[in-house]
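Since the structure comes first, as structure tokens, the remarks are kept for the end.
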Amino acid sequence: MADPAVSVTPYWELTFDADGDPDAGKRDRLLAGVTQHHVRDLIVFAHGWNSDRSGATRLYDRFFAPVPQLAPAAKIGYVGVVWPSMRFSDEPIPDFPRAVAAEMPRRPVLDKDTRHALLETFPGRATVIDQIARMLDQQPREEAELEEFGRLVRLLVDVVPPGPQMLFAADTLAEGVPQNSPDMFSVPTAALCEEFAQALTHLEAPEGAPDGAASFSLPNPWEGAHELLRQATYYAMKRRAGTVGERGLGRVIGQLAARAPEVRVHLVGHSFGARLVSFALRGLPKGVRAVKSVTLLQGAFSHYAFASRLPHDARAGGVLEGQHNRIDGPLVCCYSRHDSALSTMYPLASRMAGDARGVAALDIGRMLGAKWGAMGHDGVQAVPGTRSLKLADALEAPLPISGCVNIDAAAVVRRGGPPAGAHSDILHRELAQVVLAAGRIK
């Protein structure tokens, strides 16, 4: 029996916990249902940072809505992946009702919805969260208080029990270099907060203003502290997305392939959900070729994740090196320069997490360089043979049948204010068309 949660049918919800273990009942309904409904093409969508199931369900409902009209003859089934992630409530989502994406007070206050989401995402850390909220509210002036704030954030997200999540912290791996906690916590918190605050001031400068316009505003280090909390939380979600993808979704796809080998699976992921579906490729059982396409929407992970060697470090490669070859079809990456979360804040956080040297010198141009970029900012990088297309061109001609394909979606993915910009502006008919084109669903 399918779940009646969205307007398209048949639709199933697939739920995973933080360790990648599925809800067995929902998994079994999916495995049985695809055969009962004679599904030929199964579109599996994984959300990014959503604070609850209802937000994820609304996303799937809106994104899937145009698909039946775009492919009226296809026998399509739909899956919405729900995994324990969260979204800071001051990040509005374009086209969502205010009840889902209400505008919150200006940073750095920790609003009640975000506080509740933190409590759900990091169970057992209520005392730490209360202390973090109190400090953001009071904003003490002493530098020592910022250092204490950093200690609390580290307690919240960096103390993870030994287990599978520890294996998925990085998107690029250097030979002989251990992957442990992010280096951002090994330098003075005050320096981190200052740099984040400067980056936020840059993002909030009026559109079209000269580069120096933002310098007339004096950055508030506690706004940087709020951003440090956000980025540290995303670090934990990034790690969790890899776990859920490899240990959870990849295994379920393998079970589906064994039970219904005729079903063609098409993976779609937004933000950290893009990382989740990409890691699912690494979790596929040997020989499984059920995945016929993967579409990444504003992917919040390294643009070098699929590379064999990094241009700036011959010892290192992507953590998903060669995994795009597990797809019996193309890997399509949609990106947009209007995504501030990935064009500015992501490379800044990545640089701090992986290179503690020089964090005090803000250089927006350097941050946007090749070393720290995200999939959703400039697409797949350093993978030979990758094709690059504008969105309009991608919709007019057939997409490549294999390999990596970058699609510049800035023509539609363009709305949203700081700090995230257009990161969540993905509810567009054109992007649904890309998913169908990638999978050759008609």
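Just so we're on the same page: first chain in the structure tokens is A, next is B, and so on; residues restart at 1 for each chain, and ligands are numbered from 1 in the order they show up.
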| task | For stretch 61-78 of chain A, work out the shell of residues within 10 Å, counting only C-alpha atoms and skipping chain neighbours fewer than 5 positions away, then give it as number ranges by chain. | result | A: 2-3, 5-13, 30, 33-34, 37-45, 55-56, 95-96, 263-266, 426-433, 435-436, 441-442
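Of the residues listed (A:His270, A:Arg415, A:Lys238, A:Arg440), A:Arg440 shows the shortest atom-to-atom separation from A:Asp328; distances use only C-alpha atoms.
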Please identify all polymer residues within 7 Å of A:Gln323, counting only C-alpha atoms, omitting same-chain residues fewer than 2 positions from it, and present them as a tab-separated table (two decimals) with N, CA, C and O atoms, in the first residue's frame.
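Heads up, here's the output in out.tsv:
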chain	number	residue	atom	x	y	z
A	281	LEU	N	25.42	5.37	-3.84
A	281	LEU	CA	26.12	4.63	-4.90
A	281	LEU	C	27.21	3.75	-4.30
A	281	LEU	O	27.43	2.62	-4.74
A	282	ARG	N	27.89	4.27	-3.29
A	282	ARG	CA	28.96	3.50	-2.64
A	282	ARG	C	28.39	2.35	-1.83
A	282	ARG	O	29.11	1.37	-1.54
A	306	PHE	N	33.97	13.28	-6.79
A	306	PHE	CA	34.06	12.15	-7.71
A	306	PHE	C	35.42	12.09	-8.43
A	306	PHE	O	35.62	11.23	-9.29
A	320	LEU	N	34.31	9.86	-3.27
A	320	LEU	CA	33.43	9.05	-4.12
A	320	LEU	C	34.08	8.79	-5.48
A	320	LEU	O	33.39	8.62	-6.49
A	321	GLU	N	35.39	8.74	-5.49
A	321	GLU	CA	36.12	8.53	-6.74
A	321	GLU	C	35.56	7.35	-7.54
A	321	GLU	O	35.46	6.23	-7.05
A	325	ASN	N	30.43	5.80	-11.96
A	325	ASN	CA	30.40	4.67	-12.89
A	325	ASN	C	29.46	3.56	-12.43
A	325	ASN	O	29.19	2.63	-13.19
A	326	ARG	N	28.96	3.66	-11.19
A	326	ARG	CA	27.96	2.70	-10.72
A	326	ARG	C	26.58	2.99	-11.30
A	326	ARG	O	25.65	2.18	-11.16
| Nearest candidate to A:Lys292 (options A:Gly322, A:Ser402, A:Cys193, A:Gly379; using only C-alpha atoms) |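 Checking each of A:Gly322, A:Ser402, A:Cys193, A:Gly379 against A:Lys292, counting only C-alpha atoms, the winner is A:Ser402.
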| request: For atom CA of A:His338 and atom CA of A:Ala410, quote the distance in Å rounded to one decimal. | output: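 Between atom CA of A:His338 and atom CA of A:Ala410 the gap works out to 6.6 Å.
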| Between A:Thr386, A:Ser424, A:Thr121, A:Asn406, which is the closest to A:Tyr234 once you count only C-alpha atoms? |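 Of all the options, A:Thr121 lies closest to A:Tyr234.
Distance-wise, atom CA of A:Phe272 and atom CA of A:Ala46 end up 8.4 Å apart.
Contact shell of A:Leu249 at 8 Å (only C-alpha atoms; same-chain neighbours under 6 positions omitted): A:Gly20, A:Val277, A:Ala280, A:Gly283.
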Output file for the residues above (C-alpha atoms, as a tab-separated table (two decimals), in the first residue's frame):
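This went into result33.tsv:
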chain	number	residue	atom	x	y	z
A	20	GLY	CA	21.18	4.66	8.35
A	277	VAL	CA	22.11	9.91	-2.77
A	280	ALA	CA	24.12	5.56	-1.80
A	283	GLY	CA	26.50	1.40	-0.65
| remark: As a check of understanding: the span from atom CA of A:Ile129 to atom CA of A:His423 is 26.2 Å
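Take the candidates A:Val332, A:Ala18, A:Leu296, A:Val128 and check each one against A:Arg247 using only C-alpha atoms; the shortest distance goes to A:Ala18.
Shortest atom-to-atom contact with A:Asp113 among A:Ala438, A:Gly248, A:Ala133, A:Ser278: A:Ala133, counting only C-alpha atoms.
Shortest separation to A:Leu267 among A:Ser293, A:Glu246, A:Gln255, A:Gly25 occurs at residue A:Ser293, atoms counted being only C-alpha atoms.
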